[in-house]
file data-v5.csv (CSV, C-alpha atoms)
chain,number,residue,atom,x,y,z
A,1,MET,CA,1.7,-4.0,-28.5
A,2,PRO,CA,-1.8,-3.6,-27.0
A,3,LYS,CA,-3.4,-0.2,-27.8
A,4,VAL,CA,-4.6,1.7,-24.8
A,5,LEU,CA,-7.1,4.6,-24.4
A,6,ILE,CA,-6.6,6.4,-21.0
A,7,VAL,CA,-9.6,8.1,-19.5
A,8,ASP,CA,-9.2,10.4,-16.5
A,9,ASP,CA,-10.4,13.9,-15.8
A,10,THR,CA,-7.1,15.0,-14.2
A,11,ALA,CA,-4.2,15.7,-16.6
A,12,PHE,CA,-1.7,14.6,-13.9
A,13,MET,CA,-3.3,11.1,-13.7
A,14,ARG,CA,-3.3,10.7,-17.4
A,15,LYS,CA,0.3,11.7,-17.7
A,16,LEU,CA,1.2,9.3,-14.9
A,17,LEU,CA,-0.7,6.4,-16.5
A,18,ARG,CA,0.8,7.2,-19.9
A,19,ASN,CA,4.3,7.0,-18.3
A,20,ILE,CA,3.6,3.7,-16.6
A,21,LEU,CA,1.9,2.0,-19.5
A,22,PHE,CA,4.5,3.2,-22.1
A,23,SER,CA,7.3,1.8,-20.0
A,24,GLY,CA,5.3,-1.4,-19.7
A,25,GLY,CA,5.2,-1.8,-23.5
A,26,PHE,CA,1.7,-0.5,-24.2
A,27,ASP,CA,0.9,1.8,-27.1
A,28,ILE,CA,-1.1,4.8,-25.8
A,29,VAL,CA,-3.4,5.6,-28.7
A,30,GLY,CA,-5.5,8.3,-27.0
A,31,GLU,CA,-6.5,10.1,-23.9
A,32,ALA,CA,-9.9,11.4,-22.8
A,33,GLU,CA,-10.8,13.6,-20.0
A,34,ASN,CA,-14.5,12.6,-19.5
A,35,GLY,CA,-16.8,9.7,-20.4
A,36,LYS,CA,-18.3,11.4,-23.4
A,37,GLN,CA,-14.9,11.9,-25.0
A,38,ALA,CA,-14.0,8.3,-24.1
A,39,VAL,CA,-17.0,7.0,-26.0
A,40,GLU,CA,-16.1,9.1,-29.1
A,41,LEU,CA,-12.5,8.1,-29.0
A,42,TYR,CA,-13.3,4.4,-28.5
A,43,LYS,CA,-15.3,4.6,-31.8
A,44,GLN,CA,-12.5,6.2,-33.7
A,45,LEU,CA,-9.5,4.4,-32.2
A,46,LYS,CA,-10.8,0.9,-31.4
A,47,PRO,CA,-8.2,0.4,-28.5
A,48,ASP,CA,-7.5,-3.0,-27.1
A,49,ILE,CA,-7.9,-1.7,-23.5
A,50,VAL,CA,-9.4,1.3,-21.9
A,51,THR,CA,-8.4,2.5,-18.4
A,52,MET,CA,-11.5,4.3,-17.1
A,53,ASP,CA,-11.6,6.7,-14.2
A,54,ILE,CA,-15.0,6.5,-12.4
A,55,VAL,CA,-15.7,10.0,-11.1
A,56,MET,CA,-15.6,12.4,-14.1
A,57,PRO,CA,-17.5,15.5,-15.3
A,58,GLU,CA,-20.0,15.3,-18.2
A,59,MET,CA,-20.3,11.5,-18.3
A,60,ASN,CA,-18.9,9.4,-15.5
A,61,GLY,CA,-16.9,6.2,-16.0
A,62,ILE,CA,-19.8,3.8,-15.4
A,63,GLU,CA,-22.0,5.5,-18.0
A,64,ALA,CA,-19.1,5.5,-20.5
A,65,LEU,CA,-18.5,1.8,-19.8
A,66,LYS,CA,-22.2,1.1,-20.6
A,67,GLU,CA,-22.0,3.1,-23.9
A,68,ILE,CA,-18.8,1.4,-24.9
A,69,LYS,CA,-20.2,-2.1,-24.1
A,70,LYS,CA,-23.2,-1.3,-26.1
A,71,MET,CA,-21.0,-0.5,-29.1
A,72,ASP,CA,-18.6,-3.4,-28.5
A,73,PRO,CA,-19.6,-6.1,-26.0
A,74,ASN,CA,-16.0,-7.5,-26.1
A,75,ALA,CA,-14.5,-4.2,-25.1
A,76,LYS,CA,-11.8,-4.6,-22.4
A,77,VAL,CA,-12.3,-1.8,-19.9
A,78,VAL,CA,-10.3,-1.6,-16.6
A,79,MET,CA,-11.8,0.7,-14.0
A,80,CYS,CA,-9.4,3.1,-12.3
A,81,THR,CA,-10.8,4.0,-8.9
A,82,ALA,CA,-9.9,5.5,-5.5
A,83,VAL,CA,-10.2,3.8,-2.2
A,84,GLY,CA,-13.8,4.0,-1.0
A,85,GLN,CA,-15.3,3.6,-4.5
A,86,GLU,CA,-15.6,-0.2,-4.3
A,87,GLN,CA,-19.3,-0.2,-4.7
A,88,MET,CA,-19.1,1.6,-8.0
A,89,VAL,CA,-16.4,-0.9,-9.1
A,90,LYS,CA,-18.8,-3.7,-8.3
A,91,ALA,CA,-21.4,-2.1,-10.5
A,92,ALA,CA,-18.8,-1.7,-13.2
A,93,ILE,CA,-17.8,-5.4,-13.0
A,94,LYS,CA,-21.5,-6.3,-13.4
A,95,LEU,CA,-21.6,-4.1,-16.4
A,96,GLY,CA,-18.7,-6.0,-18.0
A,97,ALA,CA,-15.5,-4.2,-16.8
A,98,ARG,CA,-12.7,-6.7,-17.0
A,99,GLY,CA,-10.7,-5.5,-14.0
A,100,TYR,CA,-9.9,-2.6,-11.8
A,101,ILE,CA,-7.0,-0.8,-10.2
A,102,VAL,CA,-7.1,1.3,-7.1
A,103,LYS,CA,-5.3,4.6,-6.7
A,104,PRO,CA,-2.6,5.1,-5.5
A,105,PHE,CA,-1.2,2.4,-7.6
A,106,GLN,CA,2.3,1.0,-8.2
A,107,ALA,CA,3.5,0.7,-11.8
A,108,PRO,CA,4.3,-3.0,-11.8
A,109,LYS,CA,0.9,-3.9,-10.4
A,110,VAL,CA,-0.9,-1.7,-13.1
A,111,ILE,CA,1.2,-3.3,-15.8
A,112,GLU,CA,0.5,-6.8,-14.5
A,113,GLU,CA,-3.3,-6.2,-14.3
A,114,LEU,CA,-3.4,-4.7,-17.8
A,115,LYS,CA,-1.3,-7.5,-19.2
A,116,LYS,CA,-3.7,-10.0,-17.6
A,117,VAL,CA,-6.7,-8.2,-19.2
A,118,ALA,CA,-4.9,-8.0,-22.5
A,119,GLY,CA,-4.3,-11.8,-22.3
A,120,LEU,CA,-0.5,-11.4,-22.2
A,121,SER,CA,0.1,-13.1,-18.9
B,122,MET,CA,1.2,-18.1,44.3
B,123,SER,CA,4.2,-16.6,42.5
B,124,ASP,CA,4.5,-16.2,38.7
B,125,LYS,CA,7.0,-19.1,38.8
B,126,ASP,CA,4.3,-21.4,39.9
B,127,ASN,CA,2.0,-20.4,37.1
B,128,VAL,CA,4.3,-21.2,34.2
B,129,LEU,CA,2.2,-22.2,31.2
B,130,LEU,CA,5.1,-22.8,28.8
B,131,LYS,CA,8.8,-23.2,29.1
B,132,VAL,CA,10.8,-23.5,25.9
B,133,PRO,CA,14.4,-23.1,24.8
B,134,ALA,CA,14.9,-19.7,23.1
B,135,GLU,CA,17.6,-17.4,22.1
B,136,TYR,CA,17.9,-13.8,23.1
B,137,PHE,CA,20.1,-11.0,21.8
B,138,ASP,CA,22.6,-9.4,24.1
B,139,GLY,CA,25.4,-8.2,22.0
B,140,GLY,CA,25.1,-11.5,20.1
B,141,TRP,CA,22.6,-14.4,20.1
B,142,LYS,CA,22.7,-16.3,23.4
B,143,LYS,CA,20.9,-19.6,24.1
B,144,GLY,CA,18.6,-19.7,27.1
B,145,GLU,CA,15.0,-20.5,28.1
B,146,VAL,CA,11.8,-18.6,28.0
B,147,ALA,CA,9.0,-19.0,30.5
B,148,ILE,CA,5.5,-17.7,29.9
B,149,THR,CA,2.8,-17.3,32.6
B,150,LYS,CA,-0.7,-15.9,32.3
B,151,THR,CA,0.7,-12.4,32.9
B,152,SER,CA,4.4,-12.3,32.0
B,153,ILE,CA,7.2,-13.5,29.9
B,154,SER,CA,10.7,-14.2,31.4
B,155,PHE,CA,14.1,-14.8,29.7
B,156,ALA,CA,17.7,-14.2,30.6
B,157,GLY,CA,16.8,-12.9,34.1
B,158,THR,CA,14.3,-10.4,32.7
B,159,THR,CA,10.6,-10.6,33.4
B,160,ILE,CA,8.2,-8.5,31.4
B,161,GLN,CA,4.6,-8.2,32.4
B,162,PHE,CA,2.4,-8.3,29.4
B,163,LYS,CA,0.8,-5.0,30.5
B,164,GLU,CA,4.3,-3.4,30.3
B,165,ILE,CA,4.8,-4.3,26.7
B,166,GLN,CA,4.7,-1.1,24.6
B,167,ASP,CA,5.2,-2.7,21.3
B,168,LEU,CA,5.7,-6.1,19.7
B,169,GLU,CA,6.9,-7.1,16.2
B,170,LYS,CA,8.0,-10.1,14.3
B,171,LEU,CA,11.1,-9.3,12.3
B,172,LYS,CA,14.5,-10.5,11.0
B,173,TYR,CA,17.2,-9.4,13.5
B,174,GLU,CA,20.9,-10.2,13.2
B,175,GLY,CA,20.3,-13.1,11.0
B,176,LYS,CA,17.4,-14.7,12.9
B,177,ASP,CA,13.6,-14.7,12.8
B,178,ALA,CA,12.9,-13.0,16.1
B,179,VAL,CA,10.3,-11.1,18.1
B,180,ARG,CA,11.0,-7.5,19.2
B,181,ILE,CA,9.5,-6.8,22.6
B,182,LYS,CA,9.6,-3.1,23.7
B,183,LYS,CA,9.4,-2.2,27.4
B,184,ASP,CA,10.3,1.1,28.9
B,185,ASN,CA,11.5,2.3,25.5
B,186,LYS,CA,14.0,-0.6,25.4
B,187,ASN,CA,13.9,-3.3,22.8
B,188,TYR,CA,14.4,-6.9,23.6
B,189,TYR,CA,15.0,-9.4,20.8
B,190,VAL,CA,14.0,-13.0,21.4
B,191,ALA,CA,14.0,-15.9,18.9
B,192,PHE,CA,11.5,-18.6,20.0
B,193,GLY,CA,12.4,-21.1,17.3
B,194,LYS,CA,9.6,-23.6,16.6
B,195,SER,CA,7.4,-22.0,19.2
B,196,GLN,CA,7.7,-18.5,17.7
B,197,ASP,CA,4.2,-18.4,16.0
B,198,GLN,CA,2.5,-19.8,19.1
B,199,ILE,CA,4.2,-17.4,21.5
B,200,PHE,CA,3.8,-14.4,19.3
B,201,ARG,CA,0.1,-15.1,19.0
B,202,TYR,CA,-0.2,-15.4,22.7
B,203,LEU,CA,1.6,-12.2,23.3
B,204,THR,CA,-0.4,-10.2,20.7
B,205,PHE,CA,-3.6,-11.3,22.4
B,206,ASN,CA,-2.3,-10.3,25.8
B,207,LEU,CA,-0.9,-6.8,25.0
B,208,LYS,CA,-2.1,-3.9,27.0
B,209,SER,CA,-4.5,-2.4,24.5
B,210,ASP,CA,-8.0,-1.2,23.7
B,211,ARG,CA,-9.5,-4.2,22.1
B,212,PHE,CA,-12.7,-4.5,20.0
B,213,ALA,CA,-14.4,-7.6,18.7
B,214,VAL,CA,-14.6,-7.3,14.9
B,215,TYR,CA,-14.5,-9.2,11.6
B,216,PHE,CA,-11.7,-8.1,9.3
B,217,LEU,CA,-10.5,-8.6,5.8
B,218,SER,CA,-6.8,-7.9,5.4
B,219,PRO,CA,-5.3,-7.3,2.9
B,220,ALA,CA,-8.3,-6.4,0.8
B,221,THR,CA,-6.2,-4.6,-1.8
B,222,ARG,CA,-2.5,-4.5,-2.2
B,223,GLY,CA,-0.6,-1.9,-4.3
B,224,GLY,CA,-3.9,-0.9,-5.9
B,225,VAL,CA,-5.0,-4.4,-6.9
B,226,VAL,CA,-7.6,-6.5,-5.2
B,227,VAL,CA,-6.3,-9.5,-3.3
B,228,ARG,CA,-8.5,-12.2,-4.6
B,229,ASP,CA,-7.8,-15.0,-2.1
B,230,SER,CA,-8.2,-12.9,1.0
B,231,ARG,CA,-10.9,-14.0,3.5
B,232,TRP,CA,-12.8,-12.5,6.4
B,233,ASP,CA,-11.5,-13.4,9.8
B,234,LYS,CA,-13.3,-13.2,13.1
B,235,GLY,CA,-11.2,-11.6,15.8
B,236,TYR,CA,-10.2,-8.3,17.3
B,237,LEU,CA,-9.0,-4.8,16.4
B,238,SER,CA,-6.5,-4.0,19.1
B,239,ILE,CA,-5.0,-0.5,19.5
B,240,THR,CA,-1.8,0.0,21.4
B,241,ASP,CA,0.3,3.2,21.7
B,242,GLU,CA,2.4,2.3,18.7
B,243,ALA,CA,0.3,0.1,16.5
B,244,LEU,CA,-3.1,-1.1,15.4
B,245,TRP,CA,-3.5,-4.9,15.4
B,246,LEU,CA,-5.9,-7.1,13.5
B,247,LEU,CA,-5.9,-10.3,15.5
B,248,SER,CA,-7.4,-13.7,14.8
B,249,SER,CA,-6.3,-17.2,15.6
B,250,SER,CA,-4.6,-17.4,12.2
B,251,LYS,CA,-3.5,-13.8,11.6
B,252,GLN,CA,-1.8,-11.3,13.8
B,253,ILE,CA,-1.4,-8.2,11.6
B,254,ARG,CA,0.6,-5.3,13.0
B,255,ILE,CA,-0.1,-1.9,11.5
B,256,SER,CA,2.4,0.7,12.9
B,257,ILE,CA,0.8,4.0,13.6
B,258,ASP,CA,3.4,5.6,11.3
B,259,ASN,CA,2.1,3.4,8.5
B,260,LEU,CA,-1.5,4.4,8.8
B,261,GLY,CA,-2.9,6.3,5.9
B,262,SER,CA,-6.6,6.9,6.2
B,263,VAL,CA,-9.8,5.5,7.6
B,264,GLU,CA,-13.2,5.9,6.2
B,265,LYS,CA,-16.6,4.2,6.0
B,266,ASP,CA,-17.9,2.3,3.0
B,267,ILE,CA,-20.8,0.0,2.2
B,268,ARG,CA,-20.0,-3.5,1.1
B,269,ALA,CA,-22.0,-6.6,0.3
B,270,ILE,CA,-21.0,-9.2,2.9
B,271,GLY,CA,-22.9,-12.4,2.6
B,272,LYS,CA,-26.2,-11.3,1.2
B,273,LYS,CA,-26.4,-8.0,3.2
B,274,GLN,CA,-25.1,-4.5,2.5
B,275,ARG,CA,-23.0,-3.6,5.5
B,276,VAL,CA,-21.0,-0.6,6.6
B,277,VAL,CA,-17.4,-1.3,7.0
B,278,LEU,CA,-14.3,0.7,8.0
B,279,VAL,CA,-11.7,0.9,5.2
B,280,ILE,CA,-8.3,1.4,6.7
B,281,THR,CA,-5.4,2.2,4.3
B,282,HIS,CA,-1.9,1.5,5.5
B,283,VAL,CA,1.6,0.8,4.2
B,284,GLU,CA,3.4,-2.5,4.3
B,285,ASN,CA,6.8,-3.0,2.6
B,286,GLY,CA,6.3,0.2,0.6
B,287,GLU,CA,2.9,-0.8,-0.7
B,288,VAL,CA,-0.5,0.7,0.1
B,289,ILE,CA,-2.7,-1.9,1.6
B,290,THR,CA,-6.4,-1.6,2.4
B,291,SER,CA,-8.0,-3.6,5.2
B,292,PHE,CA,-11.7,-3.8,6.0
B,293,VAL,CA,-13.2,-4.0,9.5
B,294,LEU,CA,-16.8,-4.9,10.3
B,295,CYS,CA,-18.5,-4.5,13.6
B,296,PRO,CA,-21.7,-3.0,15.0
B,297,GLU,CA,-22.2,0.4,13.6
B,298,THR,CA,-22.0,2.3,16.8
B,299,THR,CA,-18.6,0.8,17.5
B,300,LEU,CA,-17.6,1.4,13.9
B,301,GLU,CA,-18.3,5.1,14.3
B,302,MET,CA,-16.3,5.3,17.5
B,303,LEU,CA,-13.4,3.3,16.0
B,304,GLN,CA,-13.3,5.6,12.9
B,305,ASN,CA,-13.0,8.7,15.2
B,306,TYR,CA,-10.4,6.9,17.3
B,307,ILE,CA,-8.3,5.9,14.4
B,308,GLN,CA,-8.8,9.3,12.6
B,309,ASN,CA,-7.5,11.0,15.7
B,310,ILE,CA,-4.4,8.9,15.7
B,311,ILE,CA,-3.8,9.6,12.0
B,312,ASP,CA,-4.3,13.4,12.5
B,313,GLN,CA,-1.8,13.5,15.4
B,314,ASN,CA,0.7,11.8,13.2
B,315,LYS,CA,0.3,14.0,10.1
B,316,PRO,CA,2.9,16.5,9.1
B,317,LYS,CA,2.2,19.8,10.7
B,318,ASP,CA,2.8,21.9,7.6
B,319,GLY,CA,0.4,21.2,4.7
B,320,ILE,CA,1.8,20.2,1.4
B,321,SER,CA,1.2,21.8,-2.0
B,322,GLU,CA,-0.4,20.2,-5.0
B,323,ILE,CA,2.9,19.7,-6.8
B,324,GLU,CA,4.3,18.0,-3.7
B,325,GLU,CA,1.3,15.7,-3.6
B,326,GLN,CA,1.9,14.9,-7.2
B,327,ILE,CA,5.6,14.1,-6.6
B,328,LEU,CA,4.7,11.8,-3.7
B,329,THR,CA,2.2,10.0,-5.9
B,330,MET,CA,4.7,9.6,-8.6
B,331,VAL,CA,7.5,8.4,-6.3
B,332,TYR,CA,5.0,5.8,-4.8
B,333,THR,CA,4.0,4.7,-8.3
B,334,GLY,CA,7.7,4.1,-9.2
B,335,VAL,CA,8.2,7.0,-11.7
B,336,ASP,CA,11.9,7.9,-12.0
B,337,SER,CA,13.1,11.4,-11.3
B,338,VAL,CA,13.7,12.3,-15.0
B,339,SER,CA,10.1,11.4,-15.8
B,340,VAL,CA,8.9,13.3,-12.7
B,341,GLU,CA,10.6,16.4,-14.1
B,342,SER,CA,9.1,15.8,-17.6
B,343,ILE,CA,5.6,15.2,-16.3
B,344,LEU,CA,5.6,18.2,-14.1
B,345,GLY,CA,7.7,20.4,-16.5
B,346,ILE,CA,10.2,21.4,-13.8
B,347,THR,CA,14.0,21.5,-13.7
B,348,THR,CA,16.3,19.1,-11.8
B,349,ASP,CA,17.1,22.0,-9.3
B,350,GLU,CA,13.4,22.6,-8.7
B,351,LEU,CA,12.8,19.0,-8.2
B,352,ASN,CA,15.7,18.6,-5.8
B,353,LYS,CA,14.4,21.5,-3.7
B,354,LEU,CA,11.0,19.8,-3.5
B,355,TYR,CA,12.6,16.5,-2.7
B,356,ASP,CA,14.5,18.2,0.1
B,357,LYS,CA,11.3,19.5,1.6
B,358,LEU,CA,9.6,16.1,1.5
B,359,VAL,CA,12.6,14.6,3.2
B,360,ASP,CA,12.7,17.3,5.8
B,361,MET,CA,9.0,16.6,6.5
B,362,GLY,CA,9.8,13.0,7.1
B,363,LEU,CA,7.6,11.9,4.1
B,364,ALA,CA,10.5,10.6,2.0
B,365,ARG,CA,14.1,9.5,2.4
B,366,VAL,CA,17.1,9.9,0.1
B,367,VAL,CA,18.2,6.5,-1.4
B,368,LYS,CA,20.5,7.7,-4.2
B,369,ILE,CA,22.0,11.0,-5.2
B,370,ARG,CA,21.9,11.5,-8.9
B,371,LYS,CA,25.0,12.7,-10.9
B,372,GLU,CA,24.7,15.1,-13.8
B,373,ILE,CA,27.7,15.2,-16.1
B,374,GLU,CA,28.9,17.1,-19.1
B,375,LEU,CA,31.6,16.0,-21.5
B,376,THR,CA,35.1,17.3,-21.3
B,377,PRO,CA,36.8,18.2,-24.6
B,378,LYS,CA,38.4,14.8,-24.5
B,379,GLY,CA,34.9,13.2,-24.2
B,380,VAL,CA,33.5,15.4,-27.1
B,381,ALA,CA,36.4,14.3,-29.3
B,382,LEU,CA,35.7,10.7,-28.5
B,383,VAL,CA,32.0,11.0,-29.4
B,384,ASN,CA,33.1,12.6,-32.7
B,385,ASP,CA,35.3,9.6,-33.3
B,386,ILE,CA,32.5,7.2,-32.5
B,387,MET,CA,30.2,8.9,-35.0
B,388,LYS,CA,32.9,8.8,-37.7
B,389,LYS,CA,33.4,5.1,-37.1
B,390,ALA,CA,29.7,4.5,-37.3
B,391,ALA,CA,29.5,6.4,-40.6
B,392,VAL,CA,32.1,4.1,-42.3
B,393,ARG,CA,30.6,0.9,-41.0
call {"tool": "encode", "arguments": {"input": "data-v5.csv", "output": "structure tokens"}}
result
Amino acid sequence: MPKVLIVDDTAFMRKLLRNILFSGGFDIVGEAENGKQAVELYKQLKPDIVTMDIVMPEMNGIEALKEIKKMDPNAKVVMCTAVGQEQMVKAAIKLGARGYIVKPFQAPKVIEELKKVAGLS
Amino acid sequence: MSDKDNVLLKVPAEYFDGGWKKGEVAITKTSISFAGTTIQFKEIQDLEKLKYEGKDAVRIKKDNKNYYVAFGKSQDQIFRYLTFNLKSDRFAVYFLSPATRGGVVVRDSRWDKGYLSITDEALWLLSSSKQIRISIDNLGSVEKDIRAIGKKQRVVLVITHVENGEVITSFVLCPETTLEMLQNYIQNIIDQNKPKDGISEIEEQILTMVYTGVDSVSVESILGITTDELNKLYDKLVDMGLARVVKIRKEIELTPKGVALVNDIMKKAAVR
């Protein structure tokens, strides 16, 4: 069961992703509400996948991605973005993000994308 | 010269009139005729490919009346011809549709050269290979974004819309002055179609969860609300035309007979 760290500054989106991923057979090992927390939790928890929101306070998702990639070049980070943030996603992909999902998302698509990134499909 | 003399195409077709009936359809530069009815292209209010009474057909709306015609092998050709001849405001554009579907990028989608055509009931993305109808009811949002196209950074319109219950984004590229005008035009259409009363944060969250596919029990758990509270919120969303009821949940409690049976089941499990 792949271990997932969910990073999003809104509690609602974290709960929603937790619900989707849990039902998809993922193990939610942690949640962070900003990029700084995400980097700390990545060090501690060593998740298989991170779902990373882009616009967050303190440290945004792109900066957090950079830090995580510095620590672990093989980190599997999936960017979680809203319509209109495609430019940022492109930057994230260049920095090594493995995939991205666009809000609003549908549960089966999210699970499919994360399974792909986890190498399960 | 009459329309009859200008017939471009005459093919066997079926039309629906209480049941499917065989006939012939004739197309001229300005009209389509079948079963004694002639519809000028400029009179067509709406057009849609759909499955109707067991057949792949085309719905043609004129004077608020729907006509259903199945063109058989010529369906794609005739549909394309009709879409290009609808009475509409039409703008030459490049478009990419779908760009994302259900929140995931559609990797094999390509830019098409064609038109953005706006009728009273729909937005159309038209090219020789694609005729995409976006009902005005299905329009979500329109905004500008910058994307790398070829080797240039270009401003595009990002249109979100719904198709078969999924949110799709489509991109439109055209000269920036036209883009600005198109954005305002489409935004106006969206604003006119929005619910008049605003919705609360909790209602927004419910809509998001329902779209995502979260079941009602999880919605209650995520929001920390009771079934009664959720039902009231659902009713409001239904009243606003933002959702529809597909199933009514049943809540049950056990009768003494049921409790006794559970007791029995537990006893049996204990001696196994």
call {"tool": "closest_residue", "arguments": {"input": "data-v5.csv", "among": "B:Leu130, B:Ile199, B:Ile311, B:Val335", "to": "chain A", "atoms": "all atoms listed in the file"}}
result
B:Val335
call {"tool": "closest_atom_pairs", "arguments": {"input": "data-v5.csv", "of": "chain A", "to": "chain B", "cutoff": "7 Å", "atoms": "only C-alpha atoms", "output": "Markdown table"}}
result
| residue | atom | partner | partner_atom | distance |
| --- | --- | --- | --- | --- |
| A:Lys15 | CA | B:Ile343 | CA | 6.5 |
| A:Gly84 | CA | B:Asp266 | CA | 6.0 |
| A:Gln87 | CA | B:Arg268 | CA | 6.7 |
| A:Ile101 | CA | B:Val225 | CA | 5.3 |
| A:Val102 | CA | B:Gly224 | CA | 4.1 |
| A:Lys103 | CA | B:Gly224 | CA | 5.7 |
| A:Pro104 | CA | B:Gly224 | CA | 6.2 |
| A:Phe105 | CA | B:Gly224 | CA | 4.6 |
| A:Gln106 | CA | B:Thr333 | CA | 4.1 |
| A:Ala107 | CA | B:Thr333 | CA | 5.3 |
| A:Lys109 | CA | B:Gly223 | CA | 6.6 |
call {"tool": "closest_atom_pairs", "arguments": {"input": "data-v5.csv", "of": "stretch 23-89 of chain A", "to": "stretch 4-14 of chain A", "cutoff": "8 Å", "atoms": "only C-alpha atoms", "output": "CSV"}}
result
residue,atom,partner,partner_atom,distance
A:Phe26,CA,A:Val4,CA,6.7
A:Asp27,CA,A:Val4,CA,6.0
A:Ile28,CA,A:Val4,CA,4.8
A:Val29,CA,A:Val4,CA,5.6
A:Gly30,CA,A:Leu5,CA,4.8
A:Glu31,CA,A:Ile6,CA,4.7
A:Ala32,CA,A:Val7,CA,4.7
A:Glu33,CA,A:Asp9,CA,4.2
A:Asn34,CA,A:Asp9,CA,5.7
A:Gly35,CA,A:Val7,CA,7.4
A:Ala38,CA,A:Val7,CA,6.4
A:Leu41,CA,A:Leu5,CA,7.9
A:Tyr42,CA,A:Leu5,CA,7.4
A:Pro47,CA,A:Val4,CA,5.3
A:Asp48,CA,A:Val4,CA,6.0
A:Ile49,CA,A:Val4,CA,4.9
A:Val50,CA,A:Leu5,CA,4.7
A:Thr51,CA,A:Ile6,CA,5.0
A:Met52,CA,A:Val7,CA,4.9
A:Asp53,CA,A:Asp8,CA,5.0
A:Met56,CA,A:Asp9,CA,5.7
A:Pro57,CA,A:Asp9,CA,7.3
call {"tool": "residues_around", "arguments": {"input": "data-v5.csv", "residues": "A:Arg98", "least_positions_apart": "6", "cutoff": "12 Å", "atoms": "all atoms listed in the file", "output": "short mmCIF file (atom, residue, chain, number, x, y, z; two decimals) with C-alpha atoms, in the frame of the given file"}}
result
data_model
loop_
_atom_site.label_atom_id
_atom_site.label_comp_id
_atom_site.auth_asym_id
_atom_site.auth_seq_id
_atom_site.Cartn_x
_atom_site.Cartn_y
_atom_site.Cartn_z
CA ASP A 48 -7.50 -3.00 -27.10
CA ILE A 49 -7.90 -1.70 -23.50
CA VAL A 50 -9.40 1.30 -21.90
CA THR A 51 -8.40 2.50 -18.40
CA MET A 52 -11.50 4.30 -17.10
CA LEU A 65 -18.50 1.80 -19.80
CA LYS A 69 -20.20 -2.10 -24.10
CA PRO A 73 -19.60 -6.10 -26.00
CA ASN A 74 -16.00 -7.50 -26.10
CA ALA A 75 -14.50 -4.20 -25.10
CA LYS A 76 -11.80 -4.60 -22.40
CA VAL A 77 -12.30 -1.80 -19.90
CA VAL A 78 -10.30 -1.60 -16.60
CA MET A 79 -11.80 0.70 -14.00
CA CYS A 80 -9.40 3.10 -12.30
CA VAL A 89 -16.40 -0.90 -9.10
CA LYS A 90 -18.80 -3.70 -8.30
CA ALA A 91 -21.40 -2.10 -10.50
CA ALA A 92 -18.80 -1.70 -13.20
CA GLU A 113 -3.30 -6.20 -14.30
CA LEU A 114 -3.40 -4.70 -17.80
CA LYS A 115 -1.30 -7.50 -19.20
CA LYS A 116 -3.70 -10.00 -17.60
CA VAL A 117 -6.70 -8.20 -19.20
CA ALA A 118 -4.90 -8.00 -22.50
CA GLY A 119 -4.30 -11.80 -22.30
#
call {"tool": "atom_distance", "arguments": {"input": "data-v5.csv", "atom1": "atom CA of B:Ile253", "atom2": "atom CA of B:Lys186"}}
result
22.0 Å
call {"tool": "atom_distance", "arguments": {"input": "data-v5.csv", "atom1": "atom CA of B:Leu294", "atom2": "atom CA of B:Leu260"}}
result
18.0 Å
call {"tool": "atom_distance", "arguments": {"input": "data-v5.csv", "atom1": "atom CA of A:Asp72", "atom2": "atom CA of A:Ile20"}}
result
26.2 Å
call {"tool": "residues_near_point", "arguments": {"input": "data-v5.csv", "point": "(7.2, -8.4, 15.1)", "cutoff": "9 Å", "atoms": "all atoms listed in the file", "output": "list in words"}}
result
Asp167, Leu168, Glu169, Lys170, Leu171, Lys172, Ala178, Val179, Arg180, Ile181, Phe200 and Arg254 of chain B
call {"tool": "closest_residue", "arguments": {"input": "data-v5.csv", "among": "A:Leu120, A:Lys36, A:Lys94, A:Asn60", "to": "A:Thr81", "atoms": "all atoms listed in the file"}}
result
A:Asn60
call {"tool": "closest_residue", "arguments": {"input": "data-v5.csv", "among": "A:Val110, A:Lys46, A:Met88, A:Gly96", "to": "A:Phe22", "atoms": "all atoms listed in the file"}}
result
A:Val110
call {"tool": "residues_near_point", "arguments": {"input": "data-v5.csv", "point": "(-0.1, -17.7, 24.1)", "cutoff": "12 Å", "atoms": "only C-alpha atoms", "output": "list of chain:residue names"}}
result
B:Val128, B:Leu129, B:Leu130, B:Lys131, B:Ala147, B:Ile148, B:Thr149, B:Lys150, B:Thr151, B:Ser152, B:Ile153, B:Phe162, B:Ser195, B:Gln196, B:Asp197, B:Gln198, B:Ile199, B:Phe200, B:Arg201, B:Tyr202, B:Leu203, B:Thr204, B:Phe205, B:Asn206, B:Leu207, B:Ser249
